[in-house]
Amino acid sequence: METDIAIVGAGPIGTLAAIQASRNKAEVIVLEQRATIGVPDHCAGLISKTGLKKIGLDSLPKSIVQSEKIIGAKIYSPDGTNLTVKRNSTQALVVDRTLFDQYLATKAENSGATILRNSKVTNLQYNNNTKKITMKIKNKLQPSSPIKSLTAPIVIISEGRLGRLAKSIGFQPPKKKYRLSGFQYLIENVSDLDTQFVEMYFSNFISSGFFTWIIPISENTAKVGLATRDKDAVFRLNYFLKKYPITKHRFQKAKIIKKYGGEVIVSGLMKKTSTNGVMVAGDAAGQTKATTGGGVITGGLAGIIAGQVASLAIQKNNNSSKFLKKYDTQWKAILRNQLKAMSLFRWLLNRMTDEAFNRAFETAVENDLGKLIEEKGDIDSQAEIILSLLKDPAVIKLAFKLLPTIQF
């Protein structure tokens with residue numbers, strides 16, 4: 001079996017790449033190892049409104065959207081100090097990630113791409129003579145059946161956080177130390193929910209290296225989860241619900257109706273994402289926001305670029321590493337500085353003790369830094385606000401006071 005472009009993974013990154021390439025008249029086959037796209041769900045599903053517009057999804061079906069009311073965030077220090085950031089209009093949507101992924105897959109198929117489900121790619125090999133890549137594919141429903149193969153001059157790897165295939169052909173996906181253990185519940189009967197605000201809680205005991213979140217869906221239903229450098233994410237999330245002084249009273253009547261598990265990537269941006277016949281996009285390339293772990297928009301933008309470059313490579317009959325470097329150049333031009341800034345900020349956050357967090361929040365509230373964030377902050381493009389905060393006199397003064405408590 002042959003095709004122009006083969007894409008590994010039918011998550012948002014792979015399907016956005018497939019849509020772009022198919023619209024440019026390339027023959028595209030997407031290989032997805034799962035039987036049902038989007039299952040299991042590993043994501044909180046909070047996506048910025050401006051980001052959706054950037055990837056051409058400014059109008060989603062109502063059936064996918066769980067909430068379109070989010071105008072800001074309430075951010076809490078370990079001692080409960082609250083910094084509220086808000087705007088006058090919707091900033092983010094909460095989506096059902098399973099339905100969202102399936103919607104994109106349908107769009108890809110309607111654009112002309114073929115999606116082969118239950119198809120796990122076990123091997124990639126570039127042939128120097130034919131200038132094509134052969135992929136071995138195993139049908140997960142029939143593990144004893146003969147392994148089939150697919151040949152294509154272009155392969156886009158959007159396989160997700162583990163980067164198994166990318167690593168097998170010489171790329172360097174995010175290391176394990178940059179992949180945090182995450183867990184989330186969908187919970188009913190949560191009290192004191194403000195449907196317009198996401199809540200974020202910083203505590204090294206609860207969620208070391210990241211934060212805990214409450215994302216409202218309705219007046220009494222929310223997605224509640226965390227990521228942590230520690231291994232026992234479930235224990236820590238249960239502690240947050242039942243024993244954490246700041247929040248335990250809100251979950252006394254709570255009913256867990258769904259559980260999610262996964263990993264959050266907080267660093268490990270791949271320096272080189274293309275070679276002869278191959279491009280890597282999304283989580284596998286580390287194209288995620290180190291501050292929040294989100295990757296639908298950043299990875300999606302890279303996926304669209306990969307689809308554009310792949311289809312152009314087919315038109316030009318040129319899949320050389322020199323030609324495909326256009327992909328590296330283009331995604332780095334719009335994403336690299338942003339992702340680097342977020343990675344730096346995450347590095348700083350990860351060295352703060354709870355005492356440092358408490359003092360930082362106190363300074364932020366006293367100096368009304370929430371207003372600065374409201375004016376310059378952007379969920380997906382955070383470099384400007386990070387730089388503005390680091391230049392603020394109050395923050396500089398605080399930094400000198402906190403130096404003794406920072407963990408280097």
# chains A, B, ... in the order shown; residues from 1 in each chain; ligands from 1
>>> residues_around(residues="segment 191-206 of chain A", least_positions_apart="5", cutoff="9 Å", atoms="only C-alpha atoms", output="PyMOL selection string")
chain A and resi 67-80+84-86+90+211-222+226-228+233+236-237+239-240+244+249-254+350+352-354+357
>>> select_by_dssp(residues="segment 97-182 of chain A", states="alpha helix (DSSP H)", output="ChimeraX atom specification")
/A:97-110,164-168
>>> residues_around(residues="segment 102-110 of chain A", least_positions_apart="2", cutoff="8 Å", atoms="only C-alpha atoms", output="PyMOL selection string")
chain A and resi 10-12+15-16+18-19+22+37-38+98-100+112-115
>>> closest_residue(among="A:Val8, A:Leu387, A:Ile257, A:Leu349", to="Val30 of chain A", atoms="only C-alpha atoms")
A:Val8
>>> residues_around(residues="segment 264-268 of chain A", least_positions_apart="6", cutoff="7 Å", atoms="only C-alpha atoms", output="list in words")
Pro173, Pro174, Lys175, Tyr178, Arg179, Leu180, Ser181, Gly182, Ala227, Gly286, Thr288, Lys289, Ala290, Thr291, Gly293 and Ser343 of chain A
>>> residues_around(residues="Thr275 of chain A", least_positions_apart="4", cutoff="7 Å", atoms="only C-alpha atoms", output="VMD selection string")
chain A and resid 279 321 324
>>> closest_residue(among="A:Leu83, A:Ile246, A:Leu269, A:Ala284", to="Lys167 of chain A", atoms="only C-alpha atoms")
A:Ala284
>>> atom_distance(atom1="atom CA of Ser381 of chain A", atom2="atom CA of Ile297 of chain A")
10.3 Å
